[in-house]
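Peer 1: I am sharing entry22.cif, which consists of mmCIF, C-alpha atoms:
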```
data_input
loop_
_atom_site.label_atom_id
_atom_site.label_comp_id
_atom_site.auth_asym_id
_atom_site.auth_seq_id
_atom_site.Cartn_x
_atom_site.Cartn_y
_atom_site.Cartn_z
CA MET A 23 -7.75 5.48 18.29
CA ARG A 24 -4.02 6.14 18.52
CA TYR A 25 -1.95 4.48 15.85
CA PRO A 26 0.92 2.45 17.36
CA GLY A 27 4.43 3.74 16.76
CA PRO A 28 7.53 1.76 15.73
CA THR A 29 8.08 -1.55 17.49
CA PHE A 30 11.29 -3.00 18.89
CA ARG A 31 11.49 -5.16 15.76
CA ASP A 32 11.50 -2.06 13.53
CA TRP A 33 14.42 -0.47 15.40
CA ALA A 34 16.28 -3.81 15.56
CA LEU A 35 16.03 -4.24 11.78
CA VAL A 36 17.45 -0.75 11.25
CA PHE A 37 20.35 -1.54 13.57
CA VAL A 38 21.08 -4.93 11.94
CA ASN A 39 21.03 -3.51 8.41
CA LEU A 40 23.24 -0.59 9.49
CA VAL A 41 25.79 -3.02 10.97
CA PHE A 42 25.86 -5.12 7.80
CA LEU A 43 26.15 -1.99 5.66
CA VAL A 44 29.19 -0.79 7.63
CA MET A 45 30.78 -4.25 7.35
CA CYS A 46 30.26 -4.20 3.57
CA VAL A 47 31.89 -0.77 3.30
CA LEU A 48 34.92 -2.07 5.19
CA LEU A 49 35.08 -5.02 2.79
CA ILE A 50 35.11 -2.95 -0.39
CA ARG A 51 38.93 -2.82 -0.83
CA ARG A 52 39.44 -6.54 -0.41
CA GLU A 53 36.44 -7.84 -2.40
CA PRO A 54 34.87 -4.94 -4.27
CA MET A 55 32.43 -7.04 -6.32
CA VAL A 56 30.97 -8.72 -3.25
CA ALA A 57 30.99 -5.48 -1.24
CA ILE A 58 29.13 -3.43 -3.87
CA GLY A 59 26.34 -5.98 -4.18
CA CYS A 60 25.96 -6.17 -0.40
CA ILE A 61 26.05 -2.37 -0.05
CA VAL A 62 23.23 -2.01 -2.58
CA PHE A 63 21.12 -4.68 -0.88
CA PHE A 64 21.61 -3.68 2.75
CA GLY A 65 21.51 0.00 1.85
CA ALA A 66 18.11 -0.46 0.22
CA CYS A 67 16.88 -2.44 3.24
CA LEU A 68 18.13 0.27 5.60
CA VAL A 69 16.34 3.00 3.65
CA MET A 70 13.13 0.93 3.58
CA TRP A 71 13.09 0.34 7.33
CA CYS A 72 13.97 3.98 8.09
CA VAL A 73 11.07 5.12 5.91
CA ASN A 74 8.83 2.61 7.69
CA ILE A 75 9.80 3.98 11.09
CA GLY A 76 9.27 7.56 9.92
CA ARG A 77 5.79 6.64 8.67
CA LYS A 78 4.83 5.00 11.97
CA LEU A 79 6.12 7.97 13.97
CA ARG A 80 4.09 10.34 11.79
CA PHE A 81 0.96 8.22 12.14
CA ALA A 82 1.37 8.03 15.92
CA ARG A 83 1.45 11.85 16.14
CA LEU A 84 -1.79 12.29 14.18
CA ARG A 85 -4.85 13.10 16.30
CA PRO A 86 -7.64 13.70 13.76
CA LEU A 87 -10.69 15.31 15.40
CA SER A 88 -12.75 15.39 12.22
CA VAL A 89 -11.92 14.33 8.67
CA GLU A 90 -13.88 15.10 5.52
CA ILE A 91 -13.45 13.64 2.06
CA VAL A 92 -14.44 15.22 -1.25
CA GLY A 93 -17.36 13.14 -2.50
CA GLY A 94 -17.86 11.84 -6.02
CA VAL A 95 -14.16 11.98 -6.91
CA PRO A 96 -12.24 8.73 -7.53
CA LEU A 97 -9.06 8.47 -5.44
CA ARG A 98 -6.55 6.51 -7.50
CA PRO A 99 -3.21 4.91 -6.60
CA SER A 100 -0.19 7.02 -7.47
CA ARG A 101 1.52 6.15 -10.75
CA VAL A 102 4.64 7.95 -9.51
CA ARG A 103 4.84 5.78 -6.39
CA THR A 104 4.40 2.62 -8.44
CA ALA A 105 7.12 3.74 -10.86
CA LEU A 106 9.47 4.55 -7.97
CA LEU A 107 8.86 1.12 -6.48
CA GLY A 108 9.54 -0.58 -9.81
CA GLY A 109 12.67 1.49 -10.42
CA SER A 110 13.98 0.77 -6.91
CA VAL A 111 13.48 -2.98 -7.25
CA LEU A 112 15.15 -2.92 -10.67
CA VAL A 113 18.17 -0.97 -9.37
CA VAL A 114 18.61 -3.30 -6.39
CA GLY A 115 18.45 -6.31 -8.70
CA LEU A 116 21.09 -4.80 -10.97
CA GLY A 117 23.29 -4.02 -7.97
CA VAL A 118 23.04 -7.52 -6.52
CA LEU A 119 23.54 -9.31 -9.86
CA PRO A 120 27.38 -9.02 -9.91
CA LEU A 121 27.49 -10.56 -6.43
CA GLY A 122 25.38 -13.47 -7.59
CA LEU A 123 27.46 -14.03 -10.73
CA ALA A 124 30.59 -14.09 -8.59
CA ARG A 125 29.36 -16.18 -5.70
CA SER A 126 25.99 -17.89 -5.90
CA THR A 127 23.48 -19.19 -8.42
CA MET A 128 20.71 -18.63 -5.88
CA VAL A 129 21.65 -14.95 -5.46
CA THR A 130 21.79 -14.61 -9.25
CA ALA A 131 18.28 -16.05 -9.54
CA CYS A 132 16.98 -13.63 -6.89
CA ALA A 133 18.64 -10.70 -8.64
CA VAL A 134 17.13 -11.66 -12.01
CA LEU A 135 13.72 -12.04 -10.35
CA MET A 136 13.96 -8.57 -8.81
CA MET A 137 14.98 -7.10 -12.15
CA ALA A 138 12.04 -8.80 -13.85
CA VAL A 139 9.56 -7.57 -11.22
CA GLY A 140 10.94 -4.03 -11.41
CA ALA A 141 10.77 -4.04 -15.20
CA LEU A 142 7.18 -5.34 -15.14
CA LEU A 143 6.11 -2.59 -12.74
CA LEU A 144 7.77 0.10 -14.83
CA GLY A 145 6.33 -1.35 -18.02
CA GLY A 146 2.86 -1.49 -16.49
CA VAL A 147 3.08 2.17 -15.52
CA LEU A 148 4.37 3.24 -18.93
CA LEU A 149 1.59 1.30 -20.67
CA ARG A 150 -0.96 2.69 -18.18
CA LYS A 151 -1.90 -0.81 -17.04
CA LEU A 152 -0.70 -0.17 -13.48
CA PRO A 153 -1.71 0.74 -10.89
CA VAL A 154 -5.35 -0.36 -10.93
CA GLY A 155 -8.35 0.39 -8.76
CA PHE A 156 -9.77 3.41 -6.97
CA LEU A 157 -11.75 4.51 -3.92
CA GLN A 158 -14.72 6.84 -4.16
CA PHE A 159 -16.77 8.35 -1.33
CA ASP A 160 -20.43 9.09 -2.01
CA GLU A 161 -23.45 9.73 0.15
CA VAL A 162 -24.74 6.22 -0.54
CA GLY A 163 -21.49 4.47 0.37
CA LEU A 164 -17.87 3.67 -0.40
CA THR A 165 -17.06 2.44 -3.90
CA VAL A 166 -14.03 0.20 -4.42
CA GLY A 167 -12.79 -0.17 -7.96
CA GLU A 168 -11.05 -3.39 -8.97
CA ARG A 169 -10.11 -5.05 -12.22
CA ILE A 170 -13.02 -7.52 -12.06
CA GLY A 171 -15.60 -4.82 -11.28
CA ASN A 172 -16.54 -1.90 -9.07
CA PHE A 173 -18.64 -2.45 -5.96
CA THR A 174 -20.28 -0.02 -3.57
CA ILE A 175 -20.60 -0.79 0.14
CA GLY A 176 -23.41 1.17 1.78
CA TRP A 177 -22.26 2.98 4.90
CA ASP A 178 -24.73 1.01 7.03
CA ASN A 179 -23.43 -2.20 5.43
CA ILE A 180 -19.90 -1.66 6.78
CA LEU A 181 -19.61 -3.89 9.84
CA GLY A 182 -16.15 -2.68 10.82
CA ALA A 183 -13.18 -0.64 9.58
CA TRP A 184 -9.81 -0.73 11.28
CA PRO A 185 -6.20 0.30 10.54
CA ALA A 186 -3.40 -2.27 10.76
CA GLU A 187 -0.11 -3.39 9.23
CA PHE A 188 0.14 -5.98 6.46
CA HIS A 189 3.72 -7.14 5.88
CA ASP A 190 4.96 -3.74 7.07
CA ASN A 191 2.57 -1.82 4.83
CA ALA A 192 -0.13 0.48 6.16
CA ALA A 193 -3.46 -1.21 5.45
CA LEU A 194 -7.11 -0.41 6.05
CA PHE A 195 -9.35 -3.43 6.59
CA LEU A 196 -13.09 -3.40 5.98
CA SER A 197 -15.66 -6.00 7.02
CA VAL A 198 -18.98 -6.11 5.13
CA ARG A 199 -22.20 -6.91 6.96
CA ASN A 200 -24.09 -8.40 4.00
CA LEU A 201 -22.28 -9.26 0.77
CA ASP A 202 -25.56 -9.66 -1.11
CA GLY A 203 -26.27 -6.00 -0.36
CA LEU A 204 -23.35 -4.79 -2.50
CA THR A 205 -24.03 -2.75 -5.61
CA VAL A 206 -21.75 -4.06 -8.34
CA SER A 207 -20.90 -2.61 -11.74
CA PRO A 208 -21.25 -4.34 -14.11
CA PRO A 209 -24.06 -6.33 -12.44
CA GLU A 210 -22.94 -9.61 -14.03
CA ALA A 211 -19.68 -9.42 -12.06
CA LYS A 212 -21.45 -9.55 -8.69
CA GLN A 213 -20.87 -13.25 -8.07
CA LYS A 214 -17.16 -12.93 -8.92
CA VAL A 215 -16.84 -9.97 -6.56
CA ILE A 216 -18.54 -11.86 -3.72
CA VAL A 217 -16.28 -14.88 -4.25
CA ARG A 218 -13.25 -12.57 -4.24
CA LEU A 219 -14.32 -10.87 -1.00
CA ARG A 220 -14.97 -14.17 0.75
CA ARG A 221 -11.52 -15.34 -0.30
CA ASN A 222 -10.04 -12.11 1.10
CA GLU A 223 -11.77 -12.76 4.42
CA ALA A 224 -10.28 -16.26 4.58
CA TRP A 225 -6.77 -14.97 3.76
CA VAL A 226 -6.48 -11.67 5.66
CA GLY A 227 -9.47 -11.66 8.02
CA ALA A 228 -11.40 -8.91 6.22
CA HIS A 229 -13.44 -8.63 3.04
CA VAL A 230 -11.56 -5.57 1.78
CA MET A 231 -7.95 -4.55 2.30
CA VAL A 232 -6.65 -1.20 1.04
CA LEU A 233 -2.90 -0.58 1.05
CA THR A 234 -3.05 3.14 1.66
CA GLY A 235 0.60 3.85 0.87
CA SER A 236 -0.04 3.48 -2.85
CA TYR A 237 -2.74 6.17 -2.61
CA GLY A 238 -0.53 8.63 -0.74
CA ILE A 239 -3.14 8.85 2.04
CA ASP A 240 -2.22 8.69 5.71
CA LEU A 241 -3.95 5.62 7.13
CA PRO A 242 -5.21 7.22 10.40
CA LEU A 243 -6.96 9.97 8.40
CA LEU A 244 -8.65 7.52 6.02
CA ALA A 245 -9.74 5.29 8.91
CA ALA A 246 -11.11 8.30 10.80
CA ALA A 247 -13.07 9.50 7.76
CA ILE A 248 -14.67 6.11 7.12
CA GLY A 249 -15.41 5.65 10.82
CA ARG A 250 -17.16 9.04 10.87
CA TYR A 251 -19.36 8.27 7.87
CA VAL A 252 -20.27 4.88 9.31
CA THR A 253 -21.18 6.10 12.79
CA GLU A 254 -22.55 9.58 11.96
CA PRO A 255 -25.23 9.29 9.24
CA ASN A 256 -25.78 13.07 9.19
CA SER A 257 -22.18 13.61 8.04
CA ARG A 258 -22.78 11.69 4.80
CA ALA A 259 -24.76 14.56 3.26
CA GLY A 260 -21.50 16.50 2.87
CA LEU A 261 -20.32 13.94 0.32
CA SER A 262 -23.02 15.06 -2.12
CA VAL A 263 -22.23 18.78 -1.85
CA PRO A 264 -21.09 20.08 -5.28
CA ARG A 265 -17.50 21.25 -5.31
CA LEU A 266 -16.10 24.20 -7.21
CA PRO A 267 -14.64 23.17 -10.58
CA ALA A 268 -10.90 23.26 -10.96
CA ALA A 269 -9.42 26.49 -12.28
CA PRO A 270 -8.84 26.46 -16.08
#
```
What would the structure in this file look like if it were written as structure tokens?
Peer 2:
Amino acid sequence: MRYPGPTFRDWALVFVNLVFLVMCVLLIRREPMVAIGCIVFFGACLVMWCVNIGRKLRFARLRPLSVEIVGGVPLRPSRVRTALLGGSVLVVGLGVLPLGLARSTMVTACAVLMMAVGALLLGGVLLRKLPVGFLQFDEVGLTVGERIGNFTIGWDNILGAWPAEFHDNAALFLSVRNLDGLTVSPPEAKQKVIVRLRRNEAWVGAHVMVLTGSYGIDLPLLAAAIGRYVTEPNSRAGLSVPRLPAAP
């Protein structure tokens, strides 16, 4: 399956933000306070959409023939990426705050909210409370770690796995054939996990959604690996092969 590249909307958003950014630069001599806040905001938006386009172009070029994953090793979200996200949101909030204080209570409220969210993300990383969760590939299935409990989906219990976009974030969606067939740890959390997965299905159309950007994994590669283990049972044995220990 070829991953779709950037859409017309992606390029249009880059163009619009670039136009606004240039207008703000031209405004800086006449109204510096307003201009600086707008430059920070539209500059951040421009960077975000450019990164998004670069990611989609990279994904569209990937043609994985065969993908293997190291089994028995938890893949965890990147603390560095979470910290960068929190720091970016905090900086944008600080940059927009003077504009809000000068012009609009609503803009001020949005700036304070961004600062609070950025500070919470950074605080969560520093206190090792964020990010949470993990993915682990084993011969028996795929384990998804969440705050309420870890659950393992047997490879034959995966009804479907497909890559998609969720609010301009690369996302892998998984559909489970039989929720009662999940192995949950701790066992007493099984009912909560099932309720959570059913709620996910109602909200996003799939029982499990993994935002792969936080893991630093290219979505087409992860989707190809899971698809291989689901459709080729003989390939699962490689997930139980012992790996060499890391060098001291």
Peer 1: In Å, how far is it from CA of Pro86 (chain A) to CA of Gly27 (chain A)?
Peer 2: 15.9 Å
Peer 1: What would the selection look like, as a PDB file with C-alpha atoms, in the frame of the given file, if the PyMOL selection byres ((chain A and resi 47-57) around 10) were run on the coordinates I just shared?
Peer 2:
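Printed below is out_11.pdb as written:
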```
ATOM      1  CA  PHE A  42      25.860  -5.120   7.800  1.00  0.00           C
ATOM      2  CA  LEU A  43      26.150  -1.990   5.660  1.00  0.00           C
ATOM      3  CA  VAL A  44      29.190  -0.790   7.630  1.00  0.00           C
ATOM      4  CA  MET A  45      30.780  -4.250   7.350  1.00  0.00           C
ATOM      5  CA  CYS A  46      30.260  -4.200   3.570  1.00  0.00           C
ATOM      6  CA  ILE A  58      29.130  -3.430  -3.870  1.00  0.00           C
ATOM      7  CA  GLY A  59      26.340  -5.980  -4.180  1.00  0.00           C
ATOM      8  CA  CYS A  60      25.960  -6.170  -0.400  1.00  0.00           C
ATOM      9  CA  ILE A  61      26.050  -2.370  -0.050  1.00  0.00           C
ATOM     10  CA  VAL A  62      23.230  -2.010  -2.580  1.00  0.00           C
ATOM     11  CA  PHE A  63      21.120  -4.680  -0.880  1.00  0.00           C
ATOM     12  CA  GLY A 117      23.290  -4.020  -7.970  1.00  0.00           C
ATOM     13  CA  VAL A 118      23.040  -7.520  -6.520  1.00  0.00           C
ATOM     14  CA  LEU A 119      23.540  -9.310  -9.860  1.00  0.00           C
ATOM     15  CA  PRO A 120      27.380  -9.020  -9.910  1.00  0.00           C
ATOM     16  CA  LEU A 121      27.490 -10.560  -6.430  1.00  0.00           C
ATOM     17  CA  GLY A 122      25.380 -13.470  -7.590  1.00  0.00           C
ATOM     18  CA  LEU A 123      27.460 -14.030 -10.730  1.00  0.00           C
ATOM     19  CA  ALA A 124      30.590 -14.090  -8.590  1.00  0.00           C
ATOM     20  CA  ARG A 125      29.360 -16.180  -5.700  1.00  0.00           C
TER      21      ARG A 125
END
```
Peer 1: For the structure shown, which residues end up in the PyMOL selection byres ((chain A and resi 79) around 12)? Put them as a list in words, please?
Peer 2: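 That expression, the PyMOL selection byres ((chain A and resi 79) around 12), corresponds here to Arg24, Tyr25, Pro26, Gly27, Pro28, Thr29, Asp32, Trp33, Cys72, Val73, Asn74, Ile75, Gly76, Arg77, Lys78, Arg80, Phe81, Ala82, Arg83, Leu84, Asp240 and Pro242 of chain A.
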Peer 1: Which is closest to Val198 (chain A) among A:Val102, A:Ile239, A:Val252, A:Leu148, if we use all atoms listed in the file?
Peer 2: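 Smallest distance to Val198 (chain A) is found for A:Val252.
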Peer 1: Please report the interatomic distance between CA of Arg220 (chain A) and CA of Ser197 (chain A) in Å with one decimal.
Peer 2: 10.3 Å
Peer 1: Can you list, as a PyMOL selection string, every protein, DNA or RNA residue that comes within 12 Å of Ala211 (chain A) when you count all atoms listed in the file, leaving out same-chain residues fewer than 4 positions away?
Peer 2: chain A and resi 168-173+204-207+215-218
Peer 1: In Å, how far is it from CA of Phe30 (chain A) to CA of Trp71 (chain A)?
Peer 2: 12.2 Å
Peer 1: For the structure provided, state which residues fall under the PyMOL selection byres ((chain A and resi 135) around 12), and present them as a PyMOL selection string.
Peer 2: chain A and resi 111-116+118-119+128-134+136-142
Peer 1: Would you please work out which residue, of A:Pro96, A:Pro185, A:Gly146, A:Gly163, is nearest to Ala228 (chain A) when using all atoms listed in the file?
Peer 2: A:Pro185
Peer 1: Write out as a list in words the residues lying within 12 Å of Glu254 (chain A), counting all atoms listed in the file and excluding same-chain residues fewer than 5 positions away.
Peer 2: Ser88, Glu161, Trp177, Asp178, Ala246, Ala247, Ile248, Gly249, Ala259 and Gly260 of chain A
Peer 1: Just to be explicit: take each residue in the selection above, keep C-alpha atoms, and write the result as a PDB file, in the frame of the given file.
Peer 2:
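part-v8.pdb, freshly written:
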```
ATOM      1  CA  SER A  88     -12.750  15.390  12.220  1.00  0.00           C
ATOM      2  CA  GLU A 161     -23.450   9.730   0.150  1.00  0.00           C
ATOM      3  CA  TRP A 177     -22.260   2.980   4.900  1.00  0.00           C
ATOM      4  CA  ASP A 178     -24.730   1.010   7.030  1.00  0.00           C
ATOM      5  CA  ALA A 246     -11.110   8.300  10.800  1.00  0.00           C
ATOM      6  CA  ALA A 247     -13.070   9.500   7.760  1.00  0.00           C
ATOM      7  CA  ILE A 248     -14.670   6.110   7.120  1.00  0.00           C
ATOM      8  CA  GLY A 249     -15.410   5.650  10.820  1.00  0.00           C
ATOM      9  CA  ALA A 259     -24.760  14.560   3.260  1.00  0.00           C
ATOM     10  CA  GLY A 260     -21.500  16.500   2.870  1.00  0.00           C
TER      11      GLY A 260
END
```
Peer 1: Name the closest residue to Gln158 (chain A) among the candidates A:Asn179, A:Val95, A:Met231, A:Met70; distances are taken between atoms, counting all atoms listed in the file.
Peer 2: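 Counting all atoms listed in the file, the residue closest to Gln158 (chain A) is A:Val95.
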Peer 1: Pick the closest to Val226 (chain A) from A:His189, A:Arg258, A:Arg199, A:Arg250: which is it, counting all atoms listed in the file?
Peer 2: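 Using all atoms listed in the file, the shortest distance to Val226 (chain A) belongs to A:His189.
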Peer 1: Using only C-alpha atoms, which residue out of A:Leu196, A:Leu107, A:Leu181, A:Ala186 lies closest to Leu152 (chain A)?
Peer 2: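 Closest residue, counting only C-alpha atoms: A:Leu107.
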Peer 1: Counting all atoms listed in the file, figure out which residue out of A:Val230, A:Ala245, A:Val154, A:Ala193 gets nearest to Thr174 (chain A).
Peer 2: A:Val230
